[in-house]
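Peer 1: Structure provided below as structure tokens; questions to follow.
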There are 2 protein chains.
Amino acid sequence: VSRPTAADSPVDARARPTLSDPDTPFAVVDRTRLERNIARLSRRLGALGIPLRPHVKTAKSVEVARLLFDGNAGPITVSTLAEAEAFSDVGFSDITYAVGIDPHKLPRVAALHRGGVRLTVLLDSLEQARAVVAAGQEDGLTIPALVEVDCDGHRGGVQATGAELVEIGRTLADVGSLDGVLLHAGESYFARSEEDLATAAEKERATAVAAADSLRAAGLEVPTVSVGSTPTAHAARDLTGVTEVRAGNYVFFDLVMAGLGVCSIGDIALSVVVTVIGHRPDLGWVITDGGWMAMSRDRGTAVQAVDQGYGLVTDLSGRLLPDLVMTGASQEHGTLSVRPGADTPLPALPIGTRLRILPNHACATAAQHQDYQVIGSDEAGTGQAPLVEAVWPRVGGW
Amino acid sequence: VSRPTAADSPVDARARPTLSDPDTPFAVVDRTRLERNIARLSRRLGALGIPLRPHVKTAKSVEVARLLFDGNAGPITVSTLAEAEAFSDVGFSDITYAVGIDPHKLPRVAALHRGGVRLTVLLDSLEQARAVVAAGQEDGLTIPALVEVDCDGHRGGVQATGAELVEIGRTLADVGSLDGVLLHAGESYFARSEEDLATAAEKERATAVAAADSLRAAGLEVPTVSVGSTPTAHAARDLTGVTEVRAGNYVFFDLVMAGLGVCSIGDIALSVVVTVIGHRPDLGWVITDGGWMAMSRDRGTAVQAVDQGYGLVTDLSGRLLPDLVMTGASQEHGTLSVRPGADTPLPALPIGTRLRILPNHACATAAQHQDYQVIGSDEAGTGQAPLVEAVWPRVGGW
């Protein structure tokens, strides 16, 4: 991307890049909204008295992770060992890797431990528990592990009551590796009401506590009872028995979360800047240079009450363009059109006009980009292109 | 990813990495299939007497692009200026940028020209034509441009007969910038039969020739008549009047192309290696460490006669596991289950088993990865893990 530098711009305020400067498409983070989202969940969990272990898989940004802890390095959750390695490089030393451990990856887990990181792994089988025990013994390490417990038939996990959980727990506890239980209420993403969300949160809590109780009844110590998802973290009314909450998406939020009622559209901190490159008045289309490569193929709102296509459209300063939706995507082309049924006219958007697209799913859209252009404040209503304060890189790969 | 090196492996055949070595998930290219796919289309277009200008947006790999031209640098098509810049760095100097030009990007186009690259741009409006003319005049360059013409209401493009095409063409021709016309039969991806594909190809050809004739009737020279898409390039029976064909996906192919009948499943040269990390026998699921981050969210086969979920499953040597489909995906988890309606039992796939997933859409899946592990031959039937011959990087960003 081309950006103005001191060499090619006059030395005045215009030398500071704005969202009009980098070539499109590119990802933007609104720092004001990001900080508001972070403060909101911190306040909420503070009131409930439960520590947060944020999931950094959404932003995959060291700068965002530091904002979570007032500039310091707190406990985090990661989705890949590449994240664990990148975040440990900048001082994060208490990390939970919340994907079931593949035994082939244990040498990298052990290397992180030798480097001073307390990396906790996740598992839901006796085979994995034995592999973790063996890897620890080989290296003279105690690798802490959480047992994944299912609460809603969404993905992996053993049942909260039953012989399997206890057998796995005992195998780990025998070498001091049992850290506790971890649950993720993944089905909460498909909830239909605030009451549904609160019910999902309570089910997650109650199942976690039941699982911990199963282990304790077998004489095992369970220091950690970890639950979480962005919807349930915002909906939980009581977290008795829980020791930590995980949530990730909430730093950016997105149209799926807005559709669930967890946030408003005005809270969404991630967008993608695109440029108008064509018009098809005969078809009611405006064509942009932002396709699925820039937005991802994620269409999470397709199963919600209001389908937002590939995203909603704002001007460069963040003002929503009424009823304009990104309705189509090819690799490097986006199609914008008026929401079916609306009688709003297609706005006049000349070639070269820059727009911002709000994503269905922030995790998936952010993953299509190598960095974020960071703006300092929401300038909605001004019509001005916000200044770019910084460029934050993302961690990629596995 | 960890890979064995001379330092940590005995100096014997085992020191050569196989698909059992890198940490999962990772993308694999089968070079034997890749070369076969490349040879097939070259042979086909050779017989029709039309040169190919391959689209490098699928693989975004210099090594793949070189295989297209027997190790040399031939004419290519790109979807981003980042590709144009990366490919020009290694000697490709005849490049068509096949996304409608954003005037803001013209300084990079001009810089490529100054560096000796003949970069041809695409446009379908008078505003864009005027911007290209102005940029050329400012820099003392003649920037060649193709006018995009619509043939199937799929995306952008002016009509093949009409004043708009001629007006744009004349604006370009006045400064020597008119190169010709370009069409893309995007709707061919939704064809239902071989006959439909042949019809789409003929419509693309006939519309292209009609557009060129419109310009010629106005006294303008039209050196280039460019058509193409992977389905129509394989289905066209006659290309009279066409001067070049573009196609990109065919180097890898995918389940969408197999569903269209353009290739067989055994031609698919791209896959993603994943590891089994869990089981839910109660739900009929095998859980892997390859989610949408590794496969993309693309579900192109969902609208075809046979929905292949997020992909079909093979063993590490490439043998299909009958009726096993990747039916679910979260960020770093994949769910495999038996195809609905099939009475095949769920195979025994212990924790740690490595599998390969064939993608819906190679362009989208490849885009989730930074490089490819390249295997030399399809070892289907051997049950052995293929040797990794090379690692080829991808070009990223815009």
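We label chains A, B, ... in the order they appear in the structure tokens, count residues from 1 in each chain, and number ligands from 1 in the order shown.
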Mind checking which residues fall within 8 Å of A:Val56, counting only C-alpha atoms, ignoring those fewer than 5 positions away in the same chain, and posting them as a PyMOL selection string?
Peer 2: chain A and resi 61+65+76-79+248
Peer 1: Please determine the contact residues of chain B with respect to chain A at a cut-off of 6 Å, counting only C-alpha atoms, and supply them as a ChimeraX atom specification.
Peer 2: /B:100,102,277,297-298
Peer 1: Just N, CA and C atoms for this one: save the residues we selected as a PDB file, in the first residue's frame.
Peer 2:
ATOM      1  N   GLY B 100     -11.427  -3.857 -12.137  1.00  0.00           N
ATOM      2  CA  GLY B 100     -11.634  -2.477 -12.572  1.00  0.00           C
ATOM      3  C   GLY B 100     -10.739  -1.511 -11.800  1.00  0.00           C
ATOM      4  N   ASP B 102      -9.127   1.356  -9.804  1.00  0.00           N
ATOM      5  CA  ASP B 102      -9.415   2.444  -8.872  1.00  0.00           C
ATOM      6  C   ASP B 102      -8.403   3.541  -9.189  1.00  0.00           C
ATOM      7  N   ILE B 277      -8.312 -34.543  16.640  1.00  0.00           N
ATOM      8  CA  ILE B 277      -8.047 -34.140  18.034  1.00  0.00           C
ATOM      9  C   ILE B 277      -9.188 -34.521  18.966  1.00  0.00           C
ATOM     10  N   ARG B 297     -14.425 -20.075   4.679  1.00  0.00           N
ATOM     11  CA  ARG B 297     -15.858 -20.263   4.906  1.00  0.00           C
ATOM     12  C   ARG B 297     -16.576 -20.624   3.609  1.00  0.00           C
ATOM     13  N   ASP B 298     -15.826 -20.867   2.518  1.00  0.00           N
ATOM     14  CA  ASP B 298     -16.475 -21.066   1.224  1.00  0.00           C
ATOM     15  C   ASP B 298     -17.231 -22.388   1.200  1.00  0.00           C
TER      16      ASP B 298
END
Peer 1: Residues near A:Val273, anyone? I mean within 8 Å using only C-alpha atoms, not counting same-chain ones fewer than 3 positions away, as a list in words.
Peer 2: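 Near A:Val273, the qualifying residues are Leu19, Thr24, Pro25, Phe26, Ala27, Val28, Gly290, Leu316, Arg354, Leu355, Arg356 and Ile357 of chain A.
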Peer 1: Any chance you can output those residues with N, CA and C atoms as a short mmCIF file (atom, residue, chain, number, x, y, z; two decimals), in the first residue's frame?
Peer 2:
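Result file is out_17.cif:
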data_model
loop_
_atom_site.label_atom_id
_atom_site.label_comp_id
_atom_site.auth_asym_id
_atom_site.auth_seq_id
_atom_site.Cartn_x
_atom_site.Cartn_y
_atom_site.Cartn_z
N LEU A 19 -7.88 7.79 6.32
CA LEU A 19 -8.45 6.62 5.66
C LEU A 19 -8.59 6.83 4.15
N THR A 24 -6.98 0.63 -1.20
CA THR A 24 -8.01 -0.27 -0.69
C THR A 24 -7.88 -1.64 -1.36
N PRO A 25 -8.45 -2.72 -0.76
CA PRO A 25 -9.14 -2.74 0.52
C PRO A 25 -8.16 -2.88 1.69
N PHE A 26 -8.56 -2.38 2.85
CA PHE A 26 -7.75 -2.57 4.07
C PHE A 26 -8.67 -2.56 5.28
N ALA A 27 -8.18 -3.14 6.36
CA ALA A 27 -8.96 -3.26 7.59
C ALA A 27 -8.70 -2.07 8.50
N VAL A 28 -9.75 -1.62 9.16
CA VAL A 28 -9.67 -0.47 10.06
C VAL A 28 -10.14 -0.87 11.45
N GLY A 290 -13.70 -4.52 -2.90
CA GLY A 290 -13.62 -5.36 -1.70
C GLY A 290 -14.50 -6.58 -1.88
N LEU A 316 -16.95 6.98 4.79
CA LEU A 316 -15.61 6.83 5.34
C LEU A 316 -15.55 7.28 6.80
N ARG A 354 -14.84 6.18 -1.38
CA ARG A 354 -14.46 5.18 -0.38
C ARG A 354 -15.59 4.96 0.61
N LEU A 355 -15.80 3.71 0.93
CA LEU A 355 -16.85 3.30 1.86
C LEU A 355 -16.24 2.34 2.87
N ARG A 356 -16.96 2.11 3.96
CA ARG A 356 -16.51 1.09 4.92
C ARG A 356 -17.60 0.03 5.04
N ILE A 357 -17.16 -1.23 5.13
CA ILE A 357 -18.10 -2.35 5.25
C ILE A 357 -17.96 -2.94 6.65
#
Peer 1: Go through A:His361, A:Arg44, A:Arg118, A:Arg66 and flag the residue nearest A:Tyr310, using only C-alpha atoms for the distances.
Peer 2: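 Using only C-alpha atoms, A:Tyr310 sits closest to A:His361.
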Peer 1: Would you please extract all strand (DSSP E or B) residues from stretch 43-179 of chain B, as assigned by DSSP on the backbone, and give them as a PyMOL selection string?
Peer 2: chain B and resi 52+55+76-78+94-100+118-123+145-149+158+178-179
Peer 1: Based on the backbone DSSP call, show me all residues of stretch 130-336 of chain A assigned alpha helix (DSSP H), as an NGL selection string.
Peer 2: :A and (130-139 or 163-173 or 194-217 or 230-235 or 255-260 or 292-295)
Peer 1: Would you mind reading off the distance between atom CA of B:Glu167 and atom CA of B:Ser214, one decimal, in Å?
Peer 2: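 Computing it gives 10.8 Å between the two atoms.
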Peer 1: Do you know which residues are at most 7 Å from B:Val256 counting only C-alpha atoms, after dropping those on the same chain fewer than 4 positions away, and could you put them as a list in words?
Peer 2: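 Surrounding residues, per the criterion: Leu260, Gly300, Thr301, Asn360 and His361 of chain B.
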Peer 1: Considering only C-alpha atoms, can you say which of B:Thr232, B:Phe92, B:Ala134, B:Glu85 comes closest to B:Phe190?
Peer 2: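 The answer is B:Thr232, which sits nearest to B:Phe190.
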Peer 1: Could you list, as a JSON list (two decimals) with N, CA and C atoms, in the first residue's frame, every residue within 10 Å of A:Cys263, counting only C-alpha atoms and ignoring same-chain residues fewer than 5 positions away?
Peer 2:
[["chain", "number", "residue", "atom", "x", "y", "z"],
["A", 37, "ASN", "N", -15.62, -1.20, 24.17],
["A", 37, "ASN", "CA", -16.03, -2.60, 24.26],
["A", 37, "ASN", "C", -15.25, -3.33, 25.36],
["A", 231, "PRO", "N", -21.22, -14.06, 23.71],
["A", 231, "PRO", "CA", -22.62, -13.88, 24.11],
["A", 231, "PRO", "C", -22.87, -14.20, 25.58],
["A", 234, "HIS", "N", -21.55, -11.72, 28.21],
["A", 234, "HIS", "CA", -22.35, -10.50, 28.35],
["A", 234, "HIS", "C", -23.73, -10.76, 28.94],
["A", 250, "TYR", "N", -15.69, -9.87, 21.44],
["A", 250, "TYR", "CA", -16.26, -8.62, 21.96],
["A", 250, "TYR", "C", -15.36, -7.42, 21.77],
["A", 253, "PHE", "N", -16.60, -6.87, 18.13],
["A", 253, "PHE", "CA", -18.02, -7.12, 17.84],
["A", 253, "PHE", "C", -18.25, -7.18, 16.33],
["A", 254, "ASP", "N", -19.48, -7.49, 15.92],
["A", 254, "ASP", "CA", -19.78, -7.61, 14.49],
["A", 254, "ASP", "C", -21.29, -7.70, 14.30],
["A", 255, "LEU", "N", -21.72, -7.88, 13.06],
["A", 255, "LEU", "CA", -23.15, -7.87, 12.77],
["A", 255, "LEU", "C", -23.86, -9.09, 13.37],
["A", 256, "VAL", "N", -23.16, -10.22, 13.51],
["A", 256, "VAL", "CA", -23.78, -11.38, 14.16],
["A", 256, "VAL", "C", -24.08, -11.04, 15.62],
["A", 257, "MET", "N", -23.13, -10.42, 16.29],
["A", 257, "MET", "CA", -23.34, -10.05, 17.70],
["A", 257, "MET", "C", -24.42, -8.97, 17.82],
["A", 258, "ALA", "N", -24.46, -8.05, 16.87],
["A", 258, "ALA", "CA", -25.52, -7.04, 16.88],
["A", 258, "ALA", "C", -26.88, -7.72, 16.67],
["A", 268, "ILE", "N", -19.48, -1.69, 16.67],
["A", 268, "ILE", "CA", -18.59, -2.52, 15.86],
["A", 268, "ILE", "C", -17.30, -1.75, 15.54]]
Peer 1: Using only C-alpha atoms, can you tell me which of B:Pro393, B:Gly49, B:Pro54, B:Gly180 comes closest to B:Ser229?
Peer 2: B:Pro54
Peer 1: Tell me which protein, DNA and RNA residues are within 12 Å of B:Asp139, counting only C-alpha atoms, leaving out same-chain ones fewer than 2 positions away, and put them as JSON, numbers by chain.
Peer 2: {"B": [106, 107, 108, 109, 110, 111, 112, 113, 114, 132, 133, 134, 135, 136, 137, 141, 142, 143]}
Peer 1: Could the residues in this selection be written to a file with C-alpha atoms, as a tab-separated table (two decimals), in the first residue's frame?
Peer 2:
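Result went into part_9.tsv, see below:
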chain	number	residue	atom	x	y	z
B	106	LEU	CA	-2.68	4.57	-10.79
B	107	PRO	CA	0.62	5.75	-9.22
B	108	ARG	CA	1.52	2.10	-8.58
B	109	VAL	CA	0.46	1.19	-12.12
B	110	ALA	CA	2.73	3.95	-13.47
B	111	ALA	CA	5.61	2.78	-11.26
B	112	LEU	CA	5.33	-0.73	-12.72
B	113	HIS	CA	5.46	0.74	-16.22
B	114	ARG	CA	8.53	2.78	-15.37
B	132	VAL	CA	-5.98	6.43	-16.99
B	133	VAL	CA	-5.36	8.90	-19.79
B	134	ALA	CA	-4.49	11.64	-17.30
B	135	ALA	CA	-2.13	9.41	-15.33
B	136	GLY	CA	-0.34	8.37	-18.50
B	137	GLN	CA	0.04	11.96	-19.68
B	141	LEU	CA	3.44	6.83	-20.38
B	142	THR	CA	0.92	5.00	-22.49
B	143	ILE	CA	-0.99	2.77	-20.08
